[in-house]
Amino acid sequence: MRTTYSLTLGALLLAMGGPSETIKISLAIGGKSYKVSGEGMCHYAPVASYYDMRAKMWSVQYNTEEKTGLTSLTLTTWRPLAGGADQMSLSVQVGSADHRIDTVKKSQNVGSGTLKLTPKGNGGTFEIDGKDEKGATIKGTVECITFSSPPAVAG
């Protein structure tokens with residue numbers, strides 16, 4: 001309950017605004033290519049917690065007013081402090097179609113895939129290779145020029 005409350009409050013605070021960073025997205029979804037660039041939010045927390053897992057956390061949020069093409073992307077990456085593979089929760093909206101991959105342990109996993117983060121200066125590039133819940137291939141990169149600290153959330 002506490003984790004859910006903290007995550008919900010955190011999402012609300014992010015929606016209310018915060019520092020804006022440049023995001024570059026280049027994804028192939030179901031064989032169709034999408035390239036967008038614009039302002040969004042890129043955050044990094046060296047210590048975060050989710051489902052009793054302490055981890056480093058990176059998050060990316062991109063939205064546009066456009067009605068066609070790639071209109072939104074939300075990506076959260078968890079790197080367990082105890083070791084193990086990176087885990088991700090990815091949601092991409094293309095027009096009216098949703099595509100999701102969730103590989104985070106103890107959550108309701110959908111789709112499958114791997115994620116690699118390559119740091120670059122104060123930012124980094126995520127390489128995604130997976131399939132969504134309907135079997136559509138999602139492959140490509142999401143680049144954040146800079147990561148800022150997420151807003152503090154009491155919980």
# chains A, B, ... in the order shown; residues from 1 in each chain; ligands from 1

call {"tool": "residues_around", "arguments": {"residues": "Thr137 of chain A", "least_positions_apart": "4", "cutoff": "12 Å", "atoms": "only C-alpha atoms", "output": "JSON, numbers by chain"}}
result
{"A": [27, 28, 29, 30, 31, 32, 33, 99, 100, 101, 111, 112, 113, 114, 128, 129, 130, 131, 132, 133]}

call {"tool": "write_last_selection", "arguments": {"atoms": "N, CA and C atoms", "output": "mmCIF file, in the first residue's frame"}}
result
data_model
loop_
_atom_site.group_PDB
_atom_site.id
_atom_site.type_symbol
_atom_site.label_atom_id
_atom_site.label_comp_id
_atom_site.auth_asym_id
_atom_site.auth_seq_id
_atom_site.Cartn_x
_atom_site.Cartn_y
_atom_site.Cartn_z
ATOM 1 N N LEU A 27 12.437 4.559 -32.409
ATOM 2 C CA LEU A 27 11.917 3.214 -32.170
ATOM 3 C C LEU A 27 11.287 2.634 -33.423
ATOM 4 N N ALA A 28 11.439 1.326 -33.591
ATOM 5 C CA ALA A 28 10.685 0.570 -34.591
ATOM 6 C C ALA A 28 9.673 -0.251 -33.798
ATOM 7 N N ILE A 29 8.411 -0.048 -34.099
ATOM 8 C CA ILE A 29 7.339 -0.754 -33.398
ATOM 9 C C ILE A 29 6.509 -1.494 -34.436
ATOM 10 N N GLY A 30 6.506 -2.822 -34.323
ATOM 11 C CA GLY A 30 5.766 -3.616 -35.290
ATOM 12 C C GLY A 30 6.229 -3.382 -36.717
ATOM 13 N N GLY A 31 7.526 -3.104 -36.892
ATOM 14 C CA GLY A 31 8.079 -2.919 -38.232
ATOM 15 C C GLY A 31 7.969 -1.504 -38.775
ATOM 16 N N LYS A 32 7.348 -0.594 -38.048
ATOM 17 C CA LYS A 32 7.203 0.788 -38.494
ATOM 18 C C LYS A 32 8.116 1.681 -37.655
ATOM 19 N N SER A 33 8.865 2.591 -38.299
ATOM 20 C CA SER A 33 9.836 3.438 -37.602
ATOM 21 C C SER A 33 9.228 4.761 -37.153
ATOM 22 N N HIS A 99 1.342 0.260 -26.500
ATOM 23 C CA HIS A 99 2.304 -0.840 -26.518
ATOM 24 C C HIS A 99 2.999 -0.850 -25.170
ATOM 25 N N ARG A 100 2.992 -2.015 -24.485
ATOM 26 C CA ARG A 100 3.576 -2.093 -23.151
ATOM 27 C C ARG A 100 4.526 -3.270 -23.012
ATOM 28 N N ILE A 101 5.600 -3.025 -22.266
ATOM 29 C CA ILE A 101 6.510 -4.080 -21.817
ATOM 30 C C ILE A 101 6.764 -3.807 -20.336
ATOM 31 N N GLY A 111 4.535 -8.616 -21.995
ATOM 32 C CA GLY A 111 5.560 -8.583 -23.010
ATOM 33 C C GLY A 111 6.870 -9.134 -22.475
ATOM 34 N N SER A 112 7.938 -8.884 -23.214
ATOM 35 C CA SER A 112 9.264 -9.338 -22.795
ATOM 36 C C SER A 112 10.294 -8.446 -23.464
ATOM 37 N N GLY A 113 11.504 -8.457 -22.918
ATOM 38 C CA GLY A 113 12.533 -7.666 -23.554
ATOM 39 C C GLY A 113 13.719 -7.397 -22.660
ATOM 40 N N THR A 114 14.715 -6.770 -23.269
ATOM 41 C CA THR A 114 15.915 -6.384 -22.554
ATOM 42 C C THR A 114 16.149 -4.898 -22.759
ATOM 43 N N ILE A 128 16.479 -0.534 -26.286
ATOM 44 C CA ILE A 128 15.350 -1.414 -25.987
ATOM 45 C C ILE A 128 15.231 -2.450 -27.089
ATOM 46 N N ASP A 129 15.024 -3.704 -26.690
ATOM 47 C CA ASP A 129 14.807 -4.790 -27.640
ATOM 48 C C ASP A 129 13.786 -5.731 -27.011
ATOM 49 N N GLY A 130 12.549 -5.690 -27.503
ATOM 50 C CA GLY A 130 11.530 -6.521 -26.877
ATOM 51 C C GLY A 130 10.298 -6.705 -27.730
ATOM 52 N N LYS A 131 9.297 -7.304 -27.096
ATOM 53 C CA LYS A 131 7.988 -7.504 -27.712
ATOM 54 C C LYS A 131 6.931 -7.077 -26.716
ATOM 55 N N ASP A 132 5.903 -6.378 -27.226
ATOM 56 C CA ASP A 132 4.833 -5.927 -26.336
ATOM 57 C C ASP A 132 3.876 -7.077 -26.013
ATOM 58 N N GLU A 133 2.825 -6.771 -25.281
ATOM 59 C CA GLU A 133 1.879 -7.793 -24.828
ATOM 60 C C GLU A 133 1.135 -8.465 -25.973
#

call {"tool": "residues_around", "arguments": {"residues": "Arg79 of chain A", "least_positions_apart": "2", "cutoff": "7 Å", "atoms": "only C-alpha atoms", "output": "list in words"}}
result
Ala55, Lys56, Met57, Thr77, Leu81, Ala85, Asp86 and Gln87 of chain A

call {"tool": "write_last_selection", "arguments": {"atoms": "N, CA, C and O atoms", "output": "compact mmCIF listing (two decimals), in the first residue's frame"}}
result
# COMPACT_ATOMS: atom_id res chain seq x y z
N ALA A 55 16.95 -0.14 -5.54
CA ALA A 55 17.55 -0.10 -6.87
C ALA A 55 17.88 1.33 -7.27
O ALA A 55 17.33 2.29 -6.72
N LYS A 56 18.78 1.46 -8.24
CA LYS A 56 18.94 2.72 -8.94
C LYS A 56 17.75 2.82 -9.87
O LYS A 56 17.26 1.80 -10.39
N MET A 57 17.25 4.04 -10.10
CA MET A 57 16.07 4.20 -10.94
C MET A 57 16.27 5.35 -11.92
O MET A 57 16.74 6.42 -11.55
N THR A 77 13.33 2.47 -15.51
CA THR A 77 14.35 1.41 -15.47
C THR A 77 14.82 1.25 -14.04
O THR A 77 15.10 2.24 -13.36
N LEU A 81 20.19 -2.88 -6.55
CA LEU A 81 21.45 -2.66 -5.86
C LEU A 81 22.09 -3.98 -5.44
O LEU A 81 23.30 -4.06 -5.31
N ALA A 85 19.87 -8.36 -13.46
CA ALA A 85 19.59 -7.65 -14.71
C ALA A 85 18.73 -6.41 -14.48
O ALA A 85 17.93 -6.37 -13.54
N ASP A 86 18.91 -5.41 -15.34
CA ASP A 86 18.04 -4.25 -15.32
C ASP A 86 16.61 -4.69 -15.63
O ASP A 86 16.39 -5.65 -16.38
N GLN A 87 15.66 -4.00 -15.04
CA GLN A 87 14.24 -4.29 -15.26
C GLN A 87 13.58 -3.02 -15.78
O GLN A 87 14.02 -1.92 -15.46

call {"tool": "residues_around", "arguments": {"residues": "Asp52 of chain A", "least_positions_apart": "3", "cutoff": "10 Å", "atoms": "only C-alpha atoms", "output": "JSON, numbers by chain"}}
result
{"A": [3, 48, 49, 55, 106]}

call {"tool": "write_last_selection", "arguments": {"atoms": "all heavy atoms", "output": "PDB file, in the first residue's frame"}}
result
ATOM      1  N   THR A   3       3.973   1.575  -1.001  1.00  0.00           N
ATOM      2  CA  THR A   3       4.679   1.697  -2.274  1.00  0.00           C
ATOM      3  C   THR A   3       3.757   2.270  -3.336  1.00  0.00           C
ATOM      4  O   THR A   3       4.118   3.185  -4.052  1.00  0.00           O
ATOM      5  CB  THR A   3       5.216   0.324  -2.725  1.00  0.00           C
ATOM      6  OG1 THR A   3       6.101  -0.158  -1.726  1.00  0.00           O
ATOM      7  CG2 THR A   3       5.946   0.435  -4.045  1.00  0.00           C
ATOM      8  N   ALA A  48      16.348   4.041  -4.893  1.00  0.00           N
ATOM      9  CA  ALA A  48      14.886   4.085  -4.918  1.00  0.00           C
ATOM     10  C   ALA A  48      14.395   2.705  -4.479  1.00  0.00           C
ATOM     11  O   ALA A  48      15.189   1.780  -4.311  1.00  0.00           O
ATOM     12  CB  ALA A  48      14.388   4.416  -6.323  1.00  0.00           C
ATOM     13  N   SER A  49      13.098   2.578  -4.310  1.00  0.00           N
ATOM     14  CA  SER A  49      12.545   1.300  -3.855  1.00  0.00           C
ATOM     15  C   SER A  49      11.237   1.020  -4.585  1.00  0.00           C
ATOM     16  O   SER A  49      10.435   1.924  -4.810  1.00  0.00           O
ATOM     17  CB  SER A  49      12.296   1.369  -2.346  1.00  0.00           C
ATOM     18  OG  SER A  49      11.728   0.170  -1.899  1.00  0.00           O
ATOM     19  N   ALA A  55      16.948  -0.138  -5.540  1.00  0.00           N
ATOM     20  CA  ALA A  55      17.553  -0.095  -6.868  1.00  0.00           C
ATOM     21  C   ALA A  55      17.883   1.331  -7.271  1.00  0.00           C
ATOM     22  O   ALA A  55      17.328   2.286  -6.724  1.00  0.00           O
ATOM     23  CB  ALA A  55      16.589  -0.698  -7.886  1.00  0.00           C
ATOM     24  N   LYS A 106       7.852  -9.037  -9.546  1.00  0.00           N
ATOM     25  CA  LYS A 106       6.730  -8.879  -8.617  1.00  0.00           C
ATOM     26  C   LYS A 106       5.634  -7.967  -9.153  1.00  0.00           C
ATOM     27  O   LYS A 106       4.657  -7.734  -8.480  1.00  0.00           O
ATOM     28  CB  LYS A 106       7.188  -8.397  -7.239  1.00  0.00           C
ATOM     29  CG  LYS A 106       8.057  -9.399  -6.502  1.00  0.00           C
ATOM     30  CD  LYS A 106       8.296  -8.947  -5.082  1.00  0.00           C
ATOM     31  CE  LYS A 106       9.159  -9.928  -4.332  1.00  0.00           C
ATOM     32  NZ  LYS A 106       9.413  -9.511  -2.955  1.00  0.00           N
TER      33      LYS A 106
END

call {"tool": "closest_residue", "arguments": {"among": "A:Thr141, A:Gln93, A:Thr76, A:Ser149", "to": "Lys35 of chain A", "atoms": "only C-alpha atoms"}}
result
A:Thr141

call {"tool": "select_by_dssp", "arguments": {"residues": "segment 107-145 of chain A", "states": "strand (DSSP E or B)", "output": "list in words"}}
result
Val110, Ser112, Gly113, Thr114, Leu115, Lys116, Leu117, Thr118, Pro119, Lys120, Gly123, Gly124, Thr125, Phe126, Glu127, Ile128, Asp129, Gly130, Lys131, Thr137, Ile138, Lys139, Gly140, Thr141, Val142, Glu143 and Cys144 of chain A

call {"tool": "atom_distance", "arguments": {"atom1": "atom CA of Lys116 of chain A", "atom2": "atom CA of Glu66 of chain A"}}
result
28.5 Å

call {"tool": "atom_distance", "arguments": {"atom1": "atom CA of Gly123 of chain A", "atom2": "atom CA of Tyr51 of chain A"}}
result
26.2 Å

call {"tool": "closest_residue", "arguments": {"among": "A:Pro46, A:Val60, A:Val110, A:Met88", "to": "Ile145 of chain A", "atoms": "only C-alpha atoms"}}
result
A:Val60
